[in-house]
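Coordinates from upload_13.cif are shown below (mmCIF, C-alpha atoms and all ligand atoms).
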data_query
#
loop_
_atom_site.label_atom_id
_atom_site.label_comp_id
_atom_site.auth_asym_id
_atom_site.auth_seq_id
_atom_site.Cartn_x
_atom_site.Cartn_y
_atom_site.Cartn_z
CA MET F 16 117.25 76.94 58.33
CA THR F 17 113.64 75.75 58.57
CA ILE F 18 111.67 75.95 61.76
CA PRO F 19 108.79 73.50 62.16
CA HIS F 20 105.29 74.92 62.47
CA VAL F 21 102.81 74.30 65.25
CA ARG F 22 99.58 74.78 63.30
CA ILE F 23 96.77 76.01 65.50
CA CYS F 24 93.07 75.83 64.73
CA ILE F 25 91.02 78.40 66.58
CA VAL F 26 87.41 77.47 67.35
CA GLY F 27 85.18 80.58 67.32
CA PHE F 28 86.47 84.02 66.41
CA GLY F 29 85.06 86.62 68.81
CA SER F 30 86.75 89.03 71.18
CA ILE F 31 89.17 86.74 73.05
CA ALA F 32 90.12 84.91 69.83
CA ARG F 33 91.54 88.23 68.59
CA THR F 34 93.68 88.46 71.73
CA HIS F 35 94.91 84.92 71.07
CA ALA F 36 95.60 85.73 67.41
CA CYS F 37 97.63 88.83 68.41
CA ALA F 38 99.55 86.81 71.00
CA LEU F 39 100.34 83.99 68.57
CA ALA F 40 101.47 86.45 65.88
CA ALA F 41 103.72 88.29 68.36
CA LEU F 42 105.16 85.19 70.03
CA PRO F 43 107.96 84.38 67.53
CA VAL F 44 108.95 88.08 67.48
CA VAL F 45 109.22 88.54 71.25
CA ARG F 46 110.76 85.16 72.14
CA ASP F 47 113.13 82.70 70.44
CA LEU F 48 111.23 79.52 69.75
CA PRO F 49 112.27 76.11 68.43
CA PHE F 50 109.13 76.20 66.22
CA ARG F 51 106.75 78.71 64.73
CA PRO F 52 103.17 78.87 66.05
CA LEU F 53 100.84 79.56 63.18
CA LEU F 54 97.14 80.32 63.22
CA ALA F 55 96.13 77.91 60.44
CA ALA F 56 92.31 77.63 60.45
CA ILE F 57 89.15 79.02 62.00
CA VAL F 58 86.27 76.77 62.99
CA SER F 59 82.82 78.28 62.94
CA ASP F 60 79.31 77.05 62.35
CA ARG F 61 78.54 80.55 61.09
CA PRO F 62 81.14 80.87 58.29
CA ALA F 63 79.69 84.14 56.95
CA ALA F 64 80.29 85.82 60.34
CA VAL F 65 84.03 85.03 60.28
CA ALA F 66 84.68 85.25 56.51
CA ARG F 67 86.33 88.69 56.73
CA ASP F 68 88.63 87.67 59.59
CA ALA F 69 89.55 84.42 57.84
CA ALA F 70 90.35 86.32 54.62
CA ALA F 71 92.45 88.88 56.54
CA LEU F 72 94.40 86.07 58.20
CA GLY F 73 94.58 83.98 55.02
CA VAL F 74 93.12 80.88 56.70
CA PRO F 75 90.21 78.59 55.77
CA VAL F 76 86.93 78.38 57.69
CA LEU F 77 86.14 74.78 58.58
CA THR F 78 83.62 72.84 60.59
CA LEU F 79 85.00 71.22 63.73
CA ALA F 80 84.61 67.76 62.14
CA GLU F 81 86.62 68.88 59.08
CA ALA F 82 89.32 70.40 61.27
CA LEU F 83 89.62 67.31 63.46
CA ALA F 84 89.99 65.19 60.32
CA ASP F 85 92.96 67.30 59.16
CA PRO F 86 96.20 65.78 60.49
CA GLU F 87 98.10 68.97 59.54
CA LEU F 88 96.34 70.90 62.33
CA THR F 89 98.51 70.38 65.39
CA ALA F 90 96.41 71.88 68.19
CA PHE F 91 92.95 73.30 68.90
CA ASP F 92 92.10 76.51 70.74
CA VAL F 93 88.44 76.72 71.84
CA THR F 94 87.39 80.37 72.28
CA THR F 95 83.62 80.16 71.81
CA ARG F 96 80.95 80.99 74.36
CA ASN F 97 80.79 78.98 77.57
CA ALA F 98 77.79 76.95 76.39
CA GLN F 99 79.86 75.45 73.56
CA HIS F 100 82.95 74.51 75.56
CA LEU F 101 81.95 71.02 76.70
CA ALA F 102 80.81 69.85 73.25
CA GLN F 103 83.67 71.40 71.26
CA ALA F 104 86.54 70.86 73.71
CA GLY F 105 85.11 67.41 74.42
CA ALA F 106 85.30 66.55 70.71
CA VAL F 107 88.97 67.66 70.59
CA LEU F 108 89.76 65.52 73.65
CA ARG F 109 87.91 62.48 72.30
CA ALA F 110 90.02 62.79 69.15
CA GLY F 111 93.15 62.75 71.35
CA ARG F 112 94.33 66.15 70.04
CA PRO F 113 96.06 68.93 72.07
CA LEU F 114 93.52 71.33 73.56
CA TYR F 115 93.65 74.92 74.77
CA VAL F 116 90.24 75.97 76.09
CA GLU F 117 89.07 79.29 77.46
CA LYS F 118 87.62 79.50 80.93
CA PRO F 119 85.14 78.54 82.24
CA ILE F 120 85.43 75.03 80.86
CA GLY F 121 81.75 74.39 81.63
CA ARG F 122 78.59 76.25 82.61
CA THR F 123 78.06 74.04 85.65
CA PRO F 124 80.30 72.02 87.98
CA ALA F 125 78.93 68.88 86.27
CA GLU F 126 80.00 70.10 82.81
CA ALA F 127 83.41 71.13 84.15
CA ALA F 128 83.88 67.75 85.86
CA GLU F 129 82.93 65.93 82.64
CA LEU F 130 85.49 67.89 80.62
CA ALA F 131 88.15 67.35 83.30
CA GLN F 132 87.48 63.61 83.15
CA LEU F 133 87.85 63.58 79.36
CA ALA F 134 91.09 65.57 79.68
CA ALA F 135 92.47 63.10 82.23
CA ALA F 136 91.91 60.31 79.69
CA SER F 137 93.53 62.22 76.80
CA PRO F 138 97.17 61.50 75.90
CA ALA F 139 97.66 65.06 74.57
CA PRO F 140 98.43 68.27 76.53
CA THR F 141 95.43 70.26 77.79
CA HIS F 142 95.55 73.86 79.02
CA VAL F 143 92.88 76.27 80.33
CA GLY F 144 93.03 80.06 79.83
CA LEU F 145 93.36 80.87 83.55
CA VAL F 146 96.00 83.35 82.51
CA MET F 147 96.46 85.31 85.75
CA ARG F 148 98.90 82.57 86.78
CA TYR F 149 101.29 84.15 84.24
CA HIS F 150 101.19 87.71 85.62
CA PRO F 151 104.72 88.75 86.69
CA ALA F 152 103.45 89.74 90.15
CA VAL F 153 101.92 86.28 90.65
CA ILE F 154 105.16 84.61 89.51
CA GLU F 155 107.22 86.61 91.99
CA ALA F 156 104.64 86.26 94.77
CA ARG F 157 104.69 82.48 94.41
CA ALA F 158 108.49 82.43 94.66
CA LEU F 159 108.43 84.73 97.71
CA LEU F 160 105.72 82.62 99.38
CA ARG F 161 107.79 79.48 98.78
CA VAL F 162 110.75 80.93 100.69
CA GLY F 163 108.51 82.37 103.45
CA GLY F 164 109.08 85.99 102.41
CA ILE F 165 106.08 87.36 104.34
CA GLY F 166 106.19 84.78 107.12
CA GLU F 167 102.96 82.98 107.86
CA VAL F 168 100.13 84.18 105.61
CA ARG F 169 97.21 85.48 107.68
CA GLN F 170 94.94 87.58 105.49
CA VAL F 171 94.45 87.71 101.72
CA ARG F 172 92.25 89.84 99.44
CA PHE F 173 91.90 89.01 95.74
CA GLY F 174 89.39 90.59 93.37
CA LEU F 175 88.52 91.42 89.80
CA PHE F 176 86.51 94.59 89.22
CA HIS F 177 85.07 95.61 85.88
CA GLY F 178 82.50 98.33 85.19
CA SER F 179 81.13 97.13 81.87
CA TYR F 180 77.56 96.42 83.03
CA LEU F 181 76.88 99.43 85.26
CA ASP F 182 74.73 101.04 82.57
CA PRO F 183 71.21 99.55 82.89
CA ALA F 184 70.55 100.57 79.26
CA ARG F 185 73.24 98.17 78.04
CA PRO F 186 71.35 95.38 76.27
CA ILE F 187 71.25 91.81 77.48
CA SER F 188 74.05 89.58 76.18
CA TRP F 189 74.92 85.89 76.46
CA ARG F 190 77.13 86.75 79.46
CA LEU F 191 74.03 87.77 81.46
CA GLN F 192 72.07 84.57 80.88
CA ALA F 193 72.65 81.46 82.95
CA ALA F 194 71.63 79.15 80.10
CA GLU F 195 74.45 80.54 77.92
CA ALA F 196 77.07 81.62 80.43
CA GLY F 197 76.45 79.40 83.47
CA GLY F 198 77.22 82.26 85.84
CA GLY F 199 77.86 85.97 86.16
CA ALA F 200 80.68 88.11 87.56
CA MET F 201 81.98 85.37 89.87
CA LEU F 202 82.24 82.74 87.10
CA ASP F 203 83.43 85.11 84.37
CA LEU F 204 85.88 87.17 86.44
CA GLY F 205 86.10 85.68 89.94
CA LEU F 206 87.13 82.29 88.56
CA HIS F 207 90.57 83.74 87.79
CA VAL F 208 91.17 84.78 91.39
CA VAL F 209 89.60 81.66 92.91
CA ASP F 210 92.08 79.71 90.78
CA LEU F 211 94.90 81.87 92.19
CA VAL F 212 93.78 81.05 95.74
CA CYS F 213 93.97 77.31 94.96
CA PHE F 214 97.24 77.65 93.04
CA LEU F 215 99.10 79.80 95.57
CA LEU F 216 97.57 78.80 98.88
CA GLY F 217 95.82 75.44 98.44
CA GLU F 218 92.23 74.35 98.03
CA PRO F 219 90.08 76.44 100.41
CA GLU F 220 87.04 75.86 102.56
CA LEU F 221 84.10 78.21 101.90
CA LEU F 222 83.07 80.09 105.06
CA ALA F 223 80.61 82.71 103.79
CA ALA F 224 79.35 84.14 100.52
CA ARG F 225 77.03 86.81 99.10
CA HIS F 226 75.95 87.75 95.59
CA ALA F 227 73.57 90.22 93.97
CA THR F 228 72.05 91.16 90.63
CA PHE F 229 71.64 94.94 90.64
CA VAL F 230 70.11 95.24 87.16
CA PRO F 231 67.47 92.46 87.03
CA ARG F 232 66.15 93.22 83.51
CA ARG F 233 67.83 94.66 80.42
CA PRO F 234 66.72 95.73 76.95
CA ASP F 235 66.48 92.76 74.59
CA GLY F 236 67.12 94.84 71.47
CA LEU F 237 63.60 94.06 70.21
CA GLY F 238 61.75 96.75 72.15
CA GLY F 239 61.22 94.64 75.26
CA THR F 240 63.32 93.55 78.22
CA ARG F 241 64.75 90.26 79.37
CA GLU F 242 65.61 88.89 82.80
CA VAL F 243 69.24 88.84 83.97
CA ASP F 244 69.62 85.60 85.95
CA VAL F 245 73.31 85.78 86.90
CA ASP F 246 75.20 87.84 89.50
CA ASP F 247 76.58 91.33 88.82
CA TRP F 248 78.64 91.11 92.01
CA ALA F 249 79.75 88.35 94.37
CA TRP F 250 81.96 88.05 97.41
CA ALA F 251 83.22 85.17 99.54
CA GLU F 252 85.27 84.46 102.61
CA LEU F 253 87.48 81.38 102.35
CA ARG F 254 89.94 79.64 104.65
CA VAL F 255 92.98 77.99 103.10
CA PRO F 256 94.91 74.98 104.48
CA GLY F 257 97.53 77.14 106.27
CA GLY F 258 94.64 78.82 108.18
CA ALA F 259 94.75 82.21 106.41
CA HIS F 260 91.46 84.01 105.78
CA VAL F 261 90.90 84.97 102.16
CA THR F 262 88.28 87.21 100.60
CA VAL F 263 87.52 87.01 96.89
CA GLU F 264 85.27 89.50 95.15
CA ALA F 265 84.15 90.01 91.54
CA SER F 266 82.12 92.84 90.07
CA ARG F 267 80.83 94.04 86.70
CA ILE F 268 79.52 97.34 88.05
CA ALA F 269 82.73 98.79 89.56
CA PHE F 270 82.87 101.61 87.02
CA GLY F 271 85.91 103.84 87.43
CA ALA F 272 87.58 101.33 89.74
CA GLU F 273 88.49 98.61 87.24
CA GLY F 274 91.35 96.50 88.49
CA ALA F 275 92.44 93.29 90.14
CA PRO F 276 93.55 93.78 93.75
CA PHE F 277 96.04 91.10 94.78
CA GLU F 278 97.00 91.44 98.44
CA LEU F 279 98.62 88.99 100.85
CA TYR F 280 99.40 89.94 104.44
CA GLY F 281 101.61 87.78 106.64
CA THR F 282 103.32 87.81 110.00
CA GLU F 283 106.45 89.46 108.53
CA GLY F 284 105.17 91.64 105.69
CA SER F 285 102.95 91.93 102.64
CA LEU F 286 102.71 91.40 98.88
CA VAL F 287 100.48 93.81 96.96
CA ALA F 288 99.77 94.28 93.24
CA ASN F 289 97.08 95.15 90.73
CA LEU F 290 96.93 92.27 88.26
CA GLU F 291 95.22 94.39 85.59
CA ARG F 292 98.39 96.45 85.18
CA VAL F 293 101.95 95.74 84.10
CA ALA F 294 103.25 96.88 87.47
CA PRO F 295 105.78 95.35 89.84
CA LEU F 296 104.79 93.48 92.97
CA ARG F 297 105.06 95.69 96.06
CA PHE F 298 106.87 93.62 98.68
CA THR F 299 107.21 95.10 102.14
CA ARG F 300 108.80 93.51 105.19
CA PHE F 301 108.50 94.64 108.81
CA ASP F 302 112.30 94.32 109.22
CA GLY F 303 113.12 96.13 105.96
CA ALA F 304 115.03 93.12 104.58
CA GLU F 305 113.17 92.98 101.24
CA ALA F 306 116.36 92.81 99.13
CA THR F 307 117.66 89.72 100.95
CA TRP F 308 114.37 87.88 100.53
CA ARG F 309 113.95 88.99 96.90
CA LYS F 310 117.41 87.56 96.20
CA ARG F 311 116.47 84.31 97.90
CA ALA F 312 113.23 84.07 95.90
CA GLY F 313 115.06 85.12 92.73
CA ALA F 314 117.06 81.91 92.83
CA ASP F 315 113.84 79.93 92.24
CA PRO F 316 114.33 78.19 88.85
CA GLU F 317 110.57 77.80 88.42
CA ALA F 318 110.04 81.57 88.60
CA HIS F 319 112.72 82.10 85.93
CA ALA F 320 111.19 79.51 83.64
CA VAL F 321 107.69 81.04 83.88
CA ALA F 322 108.98 84.62 83.49
CA ALA F 323 110.67 83.52 80.25
CA LEU F 324 107.23 82.71 78.82
CA LEU F 325 106.30 86.42 78.97
CA PRO F 326 107.52 89.08 76.54
CA PRO F 327 110.65 90.91 77.76
CA SER F 328 109.67 94.18 79.51
CA ARG F 329 110.52 96.38 76.49
CA LEU F 330 108.21 94.31 74.29
CA THR F 331 105.18 94.31 76.55
CA LEU F 332 101.84 94.26 74.76
CA GLY F 333 99.97 95.24 77.92
CA SER F 334 99.11 93.13 80.91
CA PHE F 335 96.10 91.38 79.29
CA VAL F 336 97.78 90.30 76.03
CA ASP F 337 101.05 89.48 77.85
CA SER F 338 99.29 87.01 80.17
CA HIS F 339 97.49 85.33 77.27
CA LEU F 340 100.75 85.24 75.28
CA ALA F 341 102.62 83.55 78.14
CA SER F 342 99.84 81.01 78.66
CA LEU F 343 99.67 80.18 74.92
CA HIS F 344 103.48 80.09 74.78
CA HIS F 345 103.47 77.52 77.58
CA PHE F 346 100.80 75.50 75.76
CA VAL F 347 102.60 75.41 72.40
CA LEU F 348 105.85 74.42 74.14
CA ARG F 349 103.98 71.57 75.81
CA VAL F 350 102.50 70.58 72.43
CA ALA F 351 106.08 70.47 71.09
CA GLY F 352 106.99 68.15 73.98
CA ILE F 353 108.82 70.76 76.09
CA ASP F 354 107.47 71.78 79.52
CA PRO F 355 109.83 74.30 81.12
CA VAL F 356 107.75 74.43 84.27
CA PRO F 357 105.73 71.28 84.99
CA GLY F 358 102.80 71.85 87.32
CA TRP F 359 102.26 75.52 86.39
CA ALA F 360 99.85 75.02 83.46
CA PRO F 361 96.19 75.44 84.49
CA THR F 362 94.51 72.12 83.74
CA PRO F 363 90.84 71.20 83.27
CA HIS F 364 91.13 69.43 86.66
CA ASP F 365 92.22 72.73 88.30
CA ALA F 366 89.44 74.60 86.49
CA ALA F 367 86.82 72.07 87.65
CA ILE F 368 87.89 72.56 91.29
CA ALA F 369 87.72 76.37 90.98
CA GLU F 370 84.40 76.22 89.11
CA ALA F 371 82.81 74.07 91.83
CA LEU F 372 83.84 76.71 94.41
CA VAL F 373 82.47 79.51 92.21
CA ALA F 374 79.12 77.70 91.90
CA ALA F 375 78.95 77.43 95.69
CA ILE F 376 79.77 81.16 96.08
CA ALA F 377 77.23 82.44 93.53
CA PRO F 378 74.73 79.67 92.83
CA ILE F 379 72.36 79.94 89.90
CA SER F 380 68.75 79.69 91.03
CA GLY F 381 66.08 77.83 89.07
N1 LIG T 401 90.89 84.11 79.96
C1 LIG T 401 90.42 85.33 79.82
O1 LIG T 401 91.01 86.28 80.34
C2 LIG T 401 89.18 85.56 78.99
C3 LIG T 401 88.82 86.87 78.63
C4 LIG T 401 87.69 87.05 77.84
C5 LIG T 401 86.91 85.96 77.46
N2 LIG T 401 87.26 84.72 77.87
C6 LIG T 401 86.42 83.55 77.51
O2 LIG T 401 86.43 83.37 76.09
C7 LIG T 401 85.18 82.90 75.65
C8 LIG T 401 84.66 83.81 74.54
O3 LIG T 401 84.53 85.10 75.05
P1 LIG T 401 84.50 86.36 74.08
O4 LIG T 401 84.66 87.55 74.93
O5 LIG T 401 85.45 86.17 72.97
O6 LIG T 401 83.00 86.27 73.55
P2 LIG T 401 82.45 86.73 72.14
O7 LIG T 401 80.96 86.70 72.24
O8 LIG T 401 83.14 87.95 71.69
O9 LIG T 401 82.95 85.54 71.16
C9 LIG T 401 82.43 84.24 71.13
C10 LIG T 401 82.60 83.77 69.69
O10 LIG T 401 82.16 82.44 69.51
C11 LIG T 401 81.44 82.40 68.27
N3 LIG T 401 80.56 81.25 68.25
C12 LIG T 401 79.36 81.14 68.82
N4 LIG T 401 78.89 79.91 68.57
C13 LIG T 401 79.82 79.26 67.83
C14 LIG T 401 79.95 77.94 67.29
N5 LIG T 401 78.97 77.04 67.50
N6 LIG T 401 81.06 77.60 66.59
C15 LIG T 401 82.03 78.49 66.43
N7 LIG T 401 81.98 79.75 66.91
C16 LIG T 401 80.89 80.11 67.62
C17 LIG T 401 80.70 83.68 68.23
O11 LIG T 401 80.29 83.98 66.92
C18 LIG T 401 81.79 84.61 68.72
O12 LIG T 401 82.61 84.99 67.67
C19 LIG T 401 84.28 82.83 76.88
O13 LIG T 401 84.24 81.53 77.36
C20 LIG T 401 84.97 83.75 77.88
O14 LIG T 401 84.73 83.39 79.23
C21 LIG T 401 88.38 84.50 78.61
#

The structure given in the file should be rewritten as structure tokens.
Ligand SMILES: NC(=O)c1ccc[n+]([C@@H]2O[C@H](COP(=O)([O-])OP(=O)(O)OC[C@H]3O[C@@H](n4cnc5c(N)ncnc54)[C@H](O)[C@@H]3O)[C@@H](O)[C@H]2O)c1
Amino acid sequence: MTIPHVRICIVGFGSIARTHACALAALPVVRDLPFRPLLAAIVSDRPAAVARDAAALGVPVLTLAEALADPELTAFDVTTRNAQHLAQAGAVLRAGRPLYVEKPIGRTPAEAAELAQLAAASPAPTHVGLVMRYHPAVIEARALLRVGGIGEVRQVRFGLFHGSYLDPARPISWRLQAAEAGGGAMLDLGLHVVDLVCFLLGEPELLAARHATFVPRRPDGLGGTREVDVDDWAWAELRVPGGAHVTVEASRIAFGAEGAPFELYGTEGSLVANLERVAPLRFTRFDGAEATWRKRAGADPEAHAVAALLPPSRLTLGSFVDSHLASLHHFVLRVAGIDPVPGWAPTPHDAAIAEALVAAIAPISG
């Protein structure tokens, strides 16, 4: 029996590309697929920097133009820095080829809108790495919200806390420069939770926002220092169409408290999880009838279809890789013409909406 290949070309090979490569390698082992996803080429304009990885994976290093000219490459996965996304993902879209692109899709709302417009005109599937949509707690929460499991939603708190930039001696990086990254903690991390607000509760109105840069200069690695012109922390209060008040918060200085609080409080109960862990959703009802409502939500075919994109619980690769695996799984199914759950995939249009909100929460000055 031969299984057709979906041959994927990965553009850039840094940290997140390794997560994608692990997920793609594990995918045919953890789930039955009607095809085999195969990492088939790396695109880089610095071939020497990726030569070792390419040799280890047994794939060629190409330029983007060479890769786009190769009809054997089925789909493109853009994992470079934010500043490259519009040009590289834009080239894939203009060529009418399937595109997976890491978030954020642009450094500014204008770049994101331009990419979303190109995606809308492309005949091929497009998919953004807003992977928190594939966390098991989010899947179950969405099903419970759809059946009214916590009644009317009143108060919500979503966040993403990392501690990686607490140390002021940590040198400057592209992530700390607006020209390269477009934004700081709120764009890099908060975008995931702002997307969840839109996805689960509807497009919100921005009521209030604050942001701060606690370490304004960092070593440049050349004996001097360089200005940090993006936020280390940002917070916002939003109101969603149903009237619920939502706070979103993102931090890169929350050392020792890394995690992703996901909390929804309603008139009849609450849904609570930490999206940085493989941990079940805590569902509590005032009347103690959780089992009845879980059963009702469990009948949701959409929730079943999305859960089947994740590895089975005994084959978990950890919350981070699992979410990327499910998102890439969904993408390659869509590339093969199968969408088990239409409307779930994060699109460039969704990303552009979330990125415009992020830019209003933590604007870049200058
Ligand atoms: N969805 C998520 O959960 C998630 C998590 C981490 C990172 N990301 C996103 O992934 C992207 C990359 O982040 P990272 O952590 O891997 O950064 P990184 O700095 O580790 O990797 C970026 C890679 O792009 C390469 N590169 C730079 N210019 C290039 C070019 N012109 N052509 C080809 N390659 C080029 C760099 O050499 C590097 O290997 C960012 O947009 C980031 O926001 C998403």

Considering all atoms listed in the file, tabulate each residue of chain F that lies at most 7 Å from ligand LIG 401 (chain T) along with its nearest interatomic pair and the corresponding distance in Å to one decimal; arrange the rows by chain and ascending residue number and present them as JSON lines.
{"residue": "F:Val26", "atom": "CA", "partner": "T:LIG401", "partner_atom": "C15", "distance": 5.6}
{"residue": "F:Gly27", "atom": "CA", "partner": "T:LIG401", "partner_atom": "N7", "distance": 3.3}
{"residue": "F:Phe28", "atom": "CA", "partner": "T:LIG401", "partner_atom": "O12", "distance": 4.2}
{"residue": "F:Gly29", "atom": "CA", "partner": "T:LIG401", "partner_atom": "O12", "distance": 3.2}
{"residue": "F:Ser30", "atom": "CA", "partner": "T:LIG401", "partner_atom": "O5", "distance": 3.6}
{"residue": "F:Ile31", "atom": "CA", "partner": "T:LIG401", "partner_atom": "O5", "distance": 3.8}
{"residue": "F:Ala32", "atom": "CA", "partner": "T:LIG401", "partner_atom": "O5", "distance": 5.8}
{"residue": "F:Val58", "atom": "CA", "partner": "T:LIG401", "partner_atom": "C15", "distance": 5.7}
{"residue": "F:Ser59", "atom": "CA", "partner": "T:LIG401", "partner_atom": "C15", "distance": 3.6}
{"residue": "F:Asp60", "atom": "CA", "partner": "T:LIG401", "partner_atom": "N6", "distance": 4.6}
{"residue": "F:Arg61", "atom": "CA", "partner": "T:LIG401", "partner_atom": "C15", "distance": 6.7}
{"residue": "F:Ala64", "atom": "CA", "partner": "T:LIG401", "partner_atom": "O11", "distance": 6.8}
{"residue": "F:Thr94", "atom": "CA", "partner": "T:LIG401", "partner_atom": "C7", "distance": 4.8}
{"residue": "F:Thr95", "atom": "CA", "partner": "T:LIG401", "partner_atom": "O10", "distance": 3.6}
{"residue": "F:Arg96", "atom": "CA", "partner": "T:LIG401", "partner_atom": "O13", "distance": 4.5}
{"residue": "F:Asn97", "atom": "CA", "partner": "T:LIG401", "partner_atom": "O13", "distance": 4.3}
{"residue": "F:Gln99", "atom": "CA", "partner": "T:LIG401", "partner_atom": "N5", "distance": 6.3}
{"residue": "F:Glu117", "atom": "CA", "partner": "T:LIG401", "partner_atom": "C6", "distance": 5.0}
{"residue": "F:Lys118", "atom": "CA", "partner": "T:LIG401", "partner_atom": "O14", "distance": 5.1}
{"residue": "F:Pro119", "atom": "CA", "partner": "T:LIG401", "partner_atom": "O14", "distance": 5.7}
{"residue": "F:Gly144", "atom": "CA", "partner": "T:LIG401", "partner_atom": "N1", "distance": 4.6}
{"residue": "F:Leu145", "atom": "CA", "partner": "T:LIG401", "partner_atom": "N1", "distance": 5.4}
{"residue": "F:Val146", "atom": "CA", "partner": "T:LIG401", "partner_atom": "N1", "distance": 5.8}
{"residue": "F:Asp203", "atom": "CA", "partner": "T:LIG401", "partner_atom": "O14", "distance": 5.6}

_Neighbouring residues of segment 149-157 of chain F were defined as those with any atom within 6 Å, considering only C-alpha atoms; residues of the same chain fewer than 3 positions away were excluded. Please report them as a PyMOL selection string._
chain F and resi 146+160+296+318+338

*Which one of F:Val171, F:Pro378, F:Asp246, F:Val350 sits closest to Ala288 of chain F if you count only C-alpha atoms?*
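Nearest candidate to Ala288 of chain F out of F:Val171, F:Pro378, F:Asp246, F:Val350: F:Val171.
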
_Nearest candidate to Val347 of chain F (options F:Glu242, F:Asp92, F:Asp210, F:Glu370; using only C-alpha atoms)_ =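 Ranking F:Glu242, F:Asp92, F:Asp210, F:Glu370 by distance to Val347 of chain F, first place goes to F:Asp92.
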
*Quick one: residues within 10 Å of Asp354 of chain F, only C-alpha atoms counted, chain neighbours fewer than 6 positions away excluded, as a PyMOL selection string?*
chain F and resi 320+345-348+360

_Neighbours of point (105.8, 91.1, 104.8) within 7 Å, using all atoms listed in the file, written as a PyMOL selection string_ = chain F and resi 164-166+280-286+298-301

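One finds atom CA of Ala377 of chain F at 6.5 Å from atom CA of Ala249 of chain F.
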
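One distance worth recording is that between atom CA of Ala196 of chain F and atom CA of Val143 of chain F, which is 16.7 Å.
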
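By only C-alpha atoms, and with residues fewer than 5 positions from segment 120-129 of chain F along its chain excluded, the set lying at most 9 Å from it is F:Asn97, F:Ala98, F:Gln99, F:His100, F:Leu101, F:Ala104, F:Gly105, F:Ala134, F:Val143, F:Ala193, F:Ala194, F:Glu195, F:Ala196, F:Gly197, F:Gly198, F:Leu202, F:Pro363, F:His364, F:Ala366, F:Ala367, F:Ile368, F:Glu370, F:Ala371, F:Leu372, F:Val373, F:Ala374.
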
*Could you work out how far atom CA of Val21 of chain F lies from atom CA of Ala70 of chain F, giving the answer in Å with one decimal?*
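Separating atom CA of Ala70 of chain F from atom CA of Val21 of chain F is a distance of 20.3 Å.
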
Give me, as a tab-separated table, each residue of segment 99-204 of chain F that comes within 7 Å of segment 312-315 of chain F, together with its shortest interatomic pair and the distance in Å at one decimal, counting only C-alpha atoms, with rows ordered by chain and rising residue number.
residue	atom	partner	partner_atom	distance
F:Ala158	CA	F:Ala312	CA	5.2
F:Leu159	CA	F:Ala312	CA	5.2
F:Val162	CA	F:Ala312	CA	6.2
